[in-house]
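Taking it in order: structure first as structure tokens, then the write-up.
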Amino acid sequence: MHRSAPSRSLRYALGLCTGVLWGTVAGTAEPTRLPDFRKDIQPLLNQYCSDCHADGMSKGNVDFDTLQAEAAVPGDPKLWLAVLKNVRAGLMPPAKKDQPTAEEKALLETWIKRSAFGLDPADPDPGRVTVRRLNRVEYRNTVRDLIGVDYRTEEEFPADDTGHGFDNLGEVLTISPMLLEKYLAAARVIVEQAVPLVPRVPAENTLSGRSFRKPGATGGRDGSQSFSYYEAATVTNSVAITQAGKYQLLLNLTANERFVDNVFDYNRCRAVLKADGEEVWRKEFSRENGRNFRFEFERDWAVGEHLLQLEIEPLTPNEKQVRSLSLQLNSMTLRGPMEPEHWVRPKNYEKYFTRETPTSPEDRHAYAGELLGRFATRAYRRPVDSETIKRLADLAAATYQQPGKTFEAGIAQGMVAILASPRFLFREEDSLPAPNGGHPLIDEYSLASRLSYFLWSSMPDDALIQLAAAGQLRAQLPAQLKRMLADGRSAAFIQNFTGQWLQARDIESVTIDARAVLNREEKPDPETDKKRARFRELRNRTSTSLTAEESAELDRLRGELFRSNNRLRAELTGDLRRAMRRETELTFEYVLREDRSLRELINGDYTFLNERLAQHYGLTNLNVAGDELRRVSLPANSPRGGILTQGTVLAVTSNPTRTSPVKRGVFVLENILGTPPPPPPPDIPPLEEAGKAIKDHPPTLRETLELHRKQPVCSSCHDRMDPLGLALENFNAMGMWREQEAGQPVDVTGKLITGEPFQNIQELKRILANERRHDFYHCLAEKLLTYALGRGLDHADTESLDQIVAQLEKSDGRPSVLLQAIVESAPFQKRRKPQSEGSYQPRPTPGQRADLRKQP
């Protein structure tokens, strides 16, 4: 029966069961002619697939007889993309089956790319276009670089959705009415913090608390200074007044309390402030629970030196001194002279206002347009048209023309509109005329933004914008790539990419029950198990139903079990979690900045440790001391080295109470080999259910998984996942080395579905870094291109991705080559021409773009 398109399950199964019959041989030459489906491809399907998927056989619900009956070549790109990915996985055919030749594999790949996908290697399809909103990280960094305000987006904005493992993808960065309101509120707060609203203010000079010294001492430091309630103290500071007049003194204090053994502290003290020996303020303090105090005084001061003195007087010498109360001197601010003729420009005034405000309405309007046009050009990351500048100037005028409003307040209002505009919140892109009907290049302003948000997660700097304005950015792309990676802002790329590709950011929040994890490594203790069962039995009964003997027994058991449970030899503290994340980031950064082979990410002979992390890993013989992480060479044949054996990966791929070979295996398939398994079928019983079949001892995870795999619905995926995950079983859920589980030796031997055997994690890492390096290169290139483009990849990106991986292979996996190939690739440099088929998310129409530009 003819069908126009296979069902979803059929498409997946066809990709799995057909594609796995061929494994790509790196470097195999492409056929010199374009293969024909009926003549070249269908015979391959008949030869290698018919035993299971034709002539009445339909394993996996795939029947190739339907393809035989179709009048036209099956052309569903999603179906053939699944085929192509599984072709390159090298998973099948089984060793007992006949194997296709390298030429046959190349023939299939060429047909898929040239005929099924319609791709041209001379002009690769740049893929679909997505309009990208700034995510929380990008918004925060952009505001910092644009206006100098560090706005806490993680506290003020809802979390961004993720797609394909990343939170910077346009298709998931939606915008809701609530988020629009938050953007407007954020714009007001940011501008209020940064932009002066008046032309002149009284001068201010802030003296830090630590700049106050004991009489006779010299020097001073920044920061606050604390004084005990129980000891008398006197500190002084002097100020030089160069202009006589009225001054304000603003005293900033905090009364702190540190709780000690649940004992309340009833002591009090008195603080006295003197100016030139004259008392101007005094106040008594008791328990204030960390309250902050601000006091203001006025003084008429003549020219010269003036002495400020703060005295602390204990008031309760007979009270018990718990030593939990202290008074913290934060700062003293001197403001003045207060007479308007002595006022000065506010802080940062010259940053936003370049000259005196004109007096005539026409000149003021023109000046407003000049200021807002310059700011909008930076905020929108491209030149702004005159119509937009006029609307912004009109908006500013509508504010500063109101009674009591200043010109500066009007400019601030215009800047709020700019920061709340879609042209700031979204990354607007334009393209150049397409030569010879090919795919057009994006303009250089768009290229500047793609570069900066890829490598900095922030806006382009002046150097990029100037090159874009001169039309020279593409010509200087290699030099700019090198400059941007050397810039400190590239730390955002390292943190955000590794944080999501390797899930390193999750280490700080993943739930791990250290006690349960460590207990799994101990031999079963029936006596302790009996005590726990008896304790739970007594605890669940009401106290009135317990006899005196049972109450005493409950207390005794509680004490014994409490002492046993608190003898933890390790725990994932906040400092340890942060060290683990930094280990992963520094490993990636070292490979990137030193331009070492990316294979070292899998099988490097070094890692980054501080003293605490080295102890946690059991690497005490390396003599690592101190809190700072540094590169450490590992002993020969150490199981450590590479990202797979770092605490981040090991912990985030575990369950709260135990390791998870399944999660770890899926992680390797998804993030190292690029062959993720399908989602599990519904109603799969928990893994622990399979282990109940073992009665004579607590089952290990390997034993449990072996029983689980006996179910036919589970075996096809678990045969791929389990060997990878079980190879990491020497590392517990906290990333620590272990030799046994439930009192039994840990068995980490295995064989990949592609046939390579290994005895331990060292051998597995060598296989992944060598025999399977092409899979790793392809996976990493796909992840990085997804992150760089801000969209998921599809069949149209296949040719571009293949060209990137080919360059990576030739360079032995150099990061510089990978990055250069990505920023020079068609998806990064171009837009799909409008008449291209399959554009899932077309660019806005001219009318839509006009509507967009109407908004300031």
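Letters A, B, ... mark the chains of the structure tokens in the order given; residue numbers begin at 1 per chain; ligand numbers begin at 1, in order shown.
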Backbone DSSP call of helix (DSSP H, G or I) for range 496-693 of chain A, listed as a ChimeraX atom specification | /A:496-501,504-508,514-519,526-539,543-545,548-565,574-593,600-603,611-617,620-622,643-645,647-652,661-673,687-691
Compile the contact shell of range 570-577 of chain A as an NGL selection string: residues with an atom at most 10 Å away, counting only C-alpha atoms, same-chain residues fewer than 2 positions apart removed.
-> :A and (504-515 or 517-518 or 567-568 or 579-583 or 610 or 612-613 or 615-616 or 627 or 647-648 or 651 or 734-736)
Could you write out the selected residues, including N, CA and C atoms, as an mmCIF file, in the first residue's frame?
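again12.cif was written with the following content:
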data_model
loop_
_atom_site.group_PDB
_atom_site.id
_atom_site.type_symbol
_atom_site.label_atom_id
_atom_site.label_comp_id
_atom_site.auth_asym_id
_atom_site.auth_seq_id
_atom_site.Cartn_x
_atom_site.Cartn_y
_atom_site.Cartn_z
ATOM 1 N N ALA A 504 28.288 21.537 33.580
ATOM 2 C CA ALA A 504 29.113 21.906 34.731
ATOM 3 C C ALA A 504 28.396 22.875 35.659
ATOM 4 N N ARG A 505 27.523 23.704 35.110
ATOM 5 C CA ARG A 505 26.821 24.665 35.975
ATOM 6 C C ARG A 505 25.857 23.975 36.935
ATOM 7 N N ASP A 506 25.462 22.730 36.618
ATOM 8 C CA ASP A 506 24.507 22.027 37.476
ATOM 9 C C ASP A 506 25.138 21.474 38.741
ATOM 10 N N ILE A 507 26.464 21.421 38.816
ATOM 11 C CA ILE A 507 27.116 20.826 39.975
ATOM 12 C C ILE A 507 26.794 21.589 41.251
ATOM 13 N N GLU A 508 26.539 22.873 41.142
ATOM 14 C CA GLU A 508 26.308 23.669 42.352
ATOM 15 C C GLU A 508 24.916 23.461 42.925
ATOM 16 N N SER A 509 24.018 22.804 42.177
ATOM 17 C CA SER A 509 22.657 22.616 42.678
ATOM 18 C C SER A 509 22.211 21.149 42.706
ATOM 19 N N VAL A 510 22.987 20.238 42.112
ATOM 20 C CA VAL A 510 22.559 18.847 42.071
ATOM 21 C C VAL A 510 22.477 18.277 43.487
ATOM 22 N N THR A 511 21.447 17.493 43.731
ATOM 23 C CA THR A 511 21.219 16.915 45.060
ATOM 24 C C THR A 511 21.970 15.591 45.186
ATOM 25 N N ILE A 512 22.849 15.524 46.159
ATOM 26 C CA ILE A 512 23.599 14.297 46.442
ATOM 27 C C ILE A 512 23.533 14.040 47.951
ATOM 28 N N ASP A 513 23.048 12.873 48.319
ATOM 29 C CA ASP A 513 22.982 12.454 49.724
ATOM 30 C C ASP A 513 24.287 11.716 50.044
ATOM 31 N N ALA A 514 25.240 12.440 50.624
ATOM 32 C CA ALA A 514 26.571 11.872 50.858
ATOM 33 C C ALA A 514 26.502 10.625 51.724
ATOM 34 N N ARG A 515 25.650 10.630 52.719
ATOM 35 C CA ARG A 515 25.579 9.482 53.633
ATOM 36 C C ARG A 515 25.107 8.231 52.890
ATOM 37 N N VAL A 517 25.253 7.689 49.657
ATOM 38 C CA VAL A 517 26.247 7.318 48.648
ATOM 39 C C VAL A 517 27.376 6.509 49.273
ATOM 40 N N LEU A 518 27.882 6.982 50.401
ATOM 41 C CA LEU A 518 29.004 6.311 51.040
ATOM 42 C C LEU A 518 28.594 4.976 51.657
ATOM 43 N N ARG A 567 29.612 10.125 61.090
ATOM 44 C CA ARG A 567 31.020 9.859 60.802
ATOM 45 C C ARG A 567 31.229 9.824 59.286
ATOM 46 N N LEU A 568 30.883 10.939 58.637
ATOM 47 C CA LEU A 568 31.057 11.035 57.183
ATOM 48 C C LEU A 568 32.508 11.331 56.859
ATOM 49 N N ALA A 579 34.871 24.220 43.247
ATOM 50 C CA ALA A 579 36.178 23.759 42.759
ATOM 51 C C ALA A 579 36.003 22.756 41.624
ATOM 52 N N MET A 580 35.002 21.892 41.730
ATOM 53 C CA MET A 580 34.748 20.940 40.650
ATOM 54 C C MET A 580 34.374 21.664 39.356
ATOM 55 N N ARG A 581 33.519 22.664 39.476
ATOM 56 C CA ARG A 581 33.127 23.401 38.265
ATOM 57 C C ARG A 581 34.333 24.101 37.645
ATOM 58 N N ARG A 582 35.156 24.698 38.486
ATOM 59 C CA ARG A 582 36.335 25.389 37.967
ATOM 60 C C ARG A 582 37.319 24.405 37.344
ATOM 61 N N GLU A 583 37.400 23.176 37.888
ATOM 62 C CA GLU A 583 38.265 22.169 37.279
ATOM 63 C C GLU A 583 37.861 21.931 35.826
ATOM 64 N N ASN A 610 42.872 21.968 43.596
ATOM 65 C CA ASN A 610 43.379 22.641 44.788
ATOM 66 C C ASN A 610 43.482 21.584 45.887
ATOM 67 N N ARG A 612 41.736 20.961 48.585
ATOM 68 C CA ARG A 612 40.491 20.301 48.982
ATOM 69 C C ARG A 612 40.036 19.299 47.930
ATOM 70 N N LEU A 613 40.127 19.659 46.664
ATOM 71 C CA LEU A 613 39.681 18.761 45.604
ATOM 72 C C LEU A 613 40.625 17.562 45.460
ATOM 73 N N GLN A 615 42.305 16.134 47.865
ATOM 74 C CA GLN A 615 41.973 15.221 48.959
ATOM 75 C C GLN A 615 40.696 14.455 48.658
ATOM 76 N N HIS A 616 39.716 15.137 48.107
ATOM 77 C CA HIS A 616 38.444 14.483 47.786
ATOM 78 C C HIS A 616 38.648 13.372 46.756
ATOM 79 N N ASP A 627 44.122 26.952 48.322
ATOM 80 C CA ASP A 627 42.775 27.019 47.745
ATOM 81 C C ASP A 627 42.771 27.243 46.242
ATOM 82 N N GLY A 647 34.621 15.597 38.813
ATOM 83 C CA GLY A 647 33.493 15.578 39.736
ATOM 84 C C GLY A 647 32.218 16.143 39.165
ATOM 85 N N THR A 648 32.322 17.151 38.304
ATOM 86 C CA THR A 648 31.114 17.741 37.723
ATOM 87 C C THR A 648 30.313 16.692 36.970
ATOM 88 N N ALA A 651 29.003 13.708 39.183
ATOM 89 C CA ALA A 651 27.918 14.016 40.118
ATOM 90 C C ALA A 651 26.609 14.331 39.392
ATOM 91 N N MET A 734 29.717 11.103 44.163
ATOM 92 C CA MET A 734 30.384 12.335 44.570
ATOM 93 C C MET A 734 31.707 12.525 43.838
ATOM 94 N N GLY A 735 32.012 11.627 42.904
ATOM 95 C CA GLY A 735 33.254 11.744 42.148
ATOM 96 C C GLY A 735 34.456 11.145 42.831
ATOM 97 N N MET A 736 34.259 10.416 43.920
ATOM 98 C CA MET A 736 35.365 9.801 44.657
ATOM 99 C C MET A 736 35.663 8.416 44.095
#
Name the residues in contact with Tyr380 in chain A at a cut-off of 8 Å, using only C-alpha atoms, excluding same-chain residues fewer than 4 positions from it; report them as number ranges by chain.
-> A: 376, 384, 423-424, 427-428
Write the residues of the preceding selection, restricted to all heavy atoms, as an mmCIF file, in the first residue's frame.
data_model
loop_
_atom_site.group_PDB
_atom_site.id
_atom_site.type_symbol
_atom_site.label_atom_id
_atom_site.label_comp_id
_atom_site.auth_asym_id
_atom_site.auth_seq_id
_atom_site.Cartn_x
_atom_site.Cartn_y
_atom_site.Cartn_z
ATOM 1 N N ALA A 376 21.723 54.903 21.069
ATOM 2 C CA ALA A 376 20.924 53.890 20.387
ATOM 3 C C ALA A 376 21.776 53.087 19.407
ATOM 4 O O ALA A 376 21.577 51.872 19.240
ATOM 5 C CB ALA A 376 19.753 54.537 19.658
ATOM 6 N N VAL A 384 21.533 53.850 13.462
ATOM 7 C CA VAL A 384 20.106 54.097 13.644
ATOM 8 C C VAL A 384 19.645 55.109 12.602
ATOM 9 O O VAL A 384 20.328 56.107 12.337
ATOM 10 C CB VAL A 384 19.828 54.616 15.069
ATOM 11 C CG1 VAL A 384 18.339 54.816 15.285
ATOM 12 C CG2 VAL A 384 20.382 53.644 16.096
ATOM 13 N N ARG A 423 14.452 46.317 19.469
ATOM 14 C CA ARG A 423 15.713 46.396 18.727
ATOM 15 C C ARG A 423 16.918 46.275 19.646
ATOM 16 O O ARG A 423 18.032 45.995 19.178
ATOM 17 C CB ARG A 423 15.754 47.698 17.929
ATOM 18 C CG ARG A 423 14.638 47.768 16.903
ATOM 19 C CD ARG A 423 14.542 49.118 16.232
ATOM 20 N NE ARG A 423 15.660 49.352 15.337
ATOM 21 C CZ ARG A 423 15.826 50.480 14.655
ATOM 22 N NH1 ARG A 423 14.937 51.470 14.785
ATOM 23 N NH2 ARG A 423 16.853 50.631 13.861
ATOM 24 N N PHE A 424 16.724 46.464 20.938
ATOM 25 C CA PHE A 424 17.771 46.165 21.913
ATOM 26 C C PHE A 424 17.640 44.743 22.423
ATOM 27 O O PHE A 424 18.627 44.018 22.548
ATOM 28 C CB PHE A 424 17.706 47.140 23.086
ATOM 29 C CG PHE A 424 18.607 46.760 24.239
ATOM 30 C CD1 PHE A 424 19.972 46.922 24.153
ATOM 31 C CD2 PHE A 424 18.082 46.221 25.405
ATOM 32 C CE1 PHE A 424 20.821 46.554 25.202
ATOM 33 C CE2 PHE A 424 18.904 45.848 26.463
ATOM 34 C CZ PHE A 424 20.280 46.026 26.355
ATOM 35 N N ARG A 427 18.192 40.502 18.580
ATOM 36 C CA ARG A 427 19.351 40.736 17.717
ATOM 37 C C ARG A 427 18.887 40.856 16.273
ATOM 38 O O ARG A 427 18.682 39.864 15.583
ATOM 39 C CB ARG A 427 20.370 39.619 17.896
ATOM 40 C CG ARG A 427 21.097 39.697 19.227
ATOM 41 C CD ARG A 427 21.870 38.455 19.543
ATOM 42 N NE ARG A 427 22.700 38.025 18.431
ATOM 43 C CZ ARG A 427 23.410 36.906 18.426
ATOM 44 N NH1 ARG A 427 23.363 36.106 19.479
ATOM 45 N NH2 ARG A 427 24.138 36.580 17.384
ATOM 46 N N GLU A 428 18.720 42.094 15.863
ATOM 47 C CA GLU A 428 18.258 42.377 14.510
ATOM 48 C C GLU A 428 19.400 42.153 13.514
ATOM 49 O O GLU A 428 20.540 42.544 13.760
ATOM 50 C CB GLU A 428 17.784 43.833 14.440
ATOM 51 C CG GLU A 428 17.237 44.254 13.096
ATOM 52 C CD GLU A 428 16.843 45.715 13.100
ATOM 53 O OE1 GLU A 428 17.153 46.418 14.079
ATOM 54 O OE2 GLU A 428 16.242 46.141 12.107
#
Contacts of Thr357 in chain A at 12 Å or less, counting only C-alpha atoms, minus same-chain residues fewer than 3 places along, as a list in words?
->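 So, after excluding close chain neighbours, the residues are Val198, Pro199, Glu350, Tyr352, Phe353, Thr354, Ser360, Pro361, Glu362, Asp363, Arg364, His365, Ala366, Tyr367, Ala368, Glu370, Leu371, Tyr400, Thr406, Phe407, Glu408 and Ile411 of chain A.
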Restricting the output to C-alpha atoms, write the selected residues as a PDB file, in the first residue's frame.
ATOM      1  CA  VAL A 198      20.444  66.927  37.123  1.00  0.00           C
ATOM      2  CA  PRO A 199      23.334  68.995  35.732  1.00  0.00           C
ATOM      3  CA  GLU A 350      30.622  63.580  30.921  1.00  0.00           C
ATOM      4  CA  TYR A 352      26.518  60.766  28.751  1.00  0.00           C
ATOM      5  CA  PHE A 353      26.530  64.550  28.196  1.00  0.00           C
ATOM      6  CA  THR A 354      29.317  65.876  26.010  1.00  0.00           C
ATOM      7  CA  SER A 360      17.261  77.422  22.333  1.00  0.00           C
ATOM      8  CA  PRO A 361      14.530  74.746  21.849  1.00  0.00           C
ATOM      9  CA  GLU A 362      15.820  73.810  18.396  1.00  0.00           C
ATOM     10  CA  ASP A 363      19.383  73.327  19.572  1.00  0.00           C
ATOM     11  CA  ARG A 364      18.254  71.369  22.630  1.00  0.00           C
ATOM     12  CA  HIS A 365      16.208  69.042  20.405  1.00  0.00           C
ATOM     13  CA  ALA A 366      19.176  68.544  18.090  1.00  0.00           C
ATOM     14  CA  TYR A 367      21.483  67.892  21.036  1.00  0.00           C
ATOM     15  CA  ALA A 368      18.993  65.346  22.436  1.00  0.00           C
ATOM     16  CA  GLU A 370      22.762  63.579  18.991  1.00  0.00           C
ATOM     17  CA  LEU A 371      23.047  62.016  22.450  1.00  0.00           C
ATOM     18  CA  TYR A 400      12.269  67.906  29.818  1.00  0.00           C
ATOM     19  CA  THR A 406      15.597  68.797  33.577  1.00  0.00           C
ATOM     20  CA  PHE A 407      17.108  68.168  30.159  1.00  0.00           C
ATOM     21  CA  GLU A 408      19.027  65.281  31.708  1.00  0.00           C
ATOM     22  CA  ILE A 411      17.554  62.092  27.989  1.00  0.00           C
TER      23      ILE A 411
END
Close residues, range 751-760 of chain A itself excluded, 7 Å, only C-alpha atoms, min 4 positions apart in chain, as a list in words =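 Near neighbours after the sequence-gap exclusion: Gly90, Leu91, Asp719, Arg720, Pro723, Ala727 and Leu764 of chain A.
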Write to file, as a PDB file, in the first residue's frame, the residues of the selection just made, with N, CA and C atoms.
ATOM      1  N   GLY A  90      28.508   3.815  13.161  1.00  0.00           N
ATOM      2  CA  GLY A  90      29.263   2.573  13.101  1.00  0.00           C
ATOM      3  C   GLY A  90      28.766   1.526  14.065  1.00  0.00           C
ATOM      4  N   LEU A  91      27.475   1.538  14.377  1.00  0.00           N
ATOM      5  CA  LEU A  91      26.958   0.614  15.381  1.00  0.00           C
ATOM      6  C   LEU A  91      26.664  -0.767  14.828  1.00  0.00           C
ATOM      7  N   ASP A 719      22.116  -1.874  25.640  1.00  0.00           N
ATOM      8  CA  ASP A 719      23.354  -2.445  25.110  1.00  0.00           C
ATOM      9  C   ASP A 719      24.313  -1.353  24.663  1.00  0.00           C
ATOM     10  N   ARG A 720      23.797  -0.190  24.308  1.00  0.00           N
ATOM     11  CA  ARG A 720      24.636   0.940  23.921  1.00  0.00           C
ATOM     12  C   ARG A 720      25.082   1.757  25.127  1.00  0.00           C
ATOM     13  N   PRO A 723      27.498  -0.269  28.841  1.00  0.00           N
ATOM     14  CA  PRO A 723      28.953  -0.432  28.927  1.00  0.00           C
ATOM     15  C   PRO A 723      29.685   0.879  29.190  1.00  0.00           C
ATOM     16  N   ALA A 727      31.610   1.572  32.920  1.00  0.00           N
ATOM     17  CA  ALA A 727      33.048   1.817  32.932  1.00  0.00           C
ATOM     18  C   ALA A 727      33.441   2.875  33.945  1.00  0.00           C
ATOM     19  N   LEU A 764      38.914   2.709  27.981  1.00  0.00           N
ATOM     20  CA  LEU A 764      37.760   3.309  27.314  1.00  0.00           C
ATOM     21  C   LEU A 764      38.088   4.715  26.822  1.00  0.00           C
TER      22      LEU A 764
END
Please provide the set of residues having any atom within 8 Å of Gln321 in chain A, restricted to only C-alpha atoms, with same-chain residues fewer than 3 positions apart removed, written as a PyMOL selection string.
-> chain A and resi 230+265+267
Please provide the set of residues having any atom within 12 Å of Ala412 in chain A, restricted to only C-alpha atoms, with same-chain residues fewer than 4 positions apart removed, written as a ChimeraX atom specification.
-> /A:147,187-198,349,352-353,368,371-372,375,392-393,395-400,405-408,416-419
In Å to one decimal, how far is CA of Asp125 in chain A from CA of Trp111 in chain A?
-> 16.4 Å
Would you mind reading off the distance between CA of Ala89 in chain A and CA of Met721 in chain A, one decimal, in Å?
-> 13.7 Å
Rounded to one decimal in Å, what is the spacing between CA of Thr162 in chain A and CA of Asp76 in chain A?
->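 Value for the CA of Thr162 in chain A-CA of Asp76 in chain A distance: 26.5 Å.
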Shortest contact to Glu171 in chain A, candidates A:Pro358, A:Gly790, A:Gly604, A:Gly438, atoms counted only C-alpha atoms, goes to A:Gly790
Per-residue DSSP, range 110-219 of chain A, filtered to strand (DSSP E), as a PyMOL selection string = chain A and resi 204-208
With only C-alpha atoms as the atoms that count, which of A:Phe212, A:Phe667, A:Tyr787, A:Trp301 lies nearest to Ala244 in chain A?
-> A:Trp301
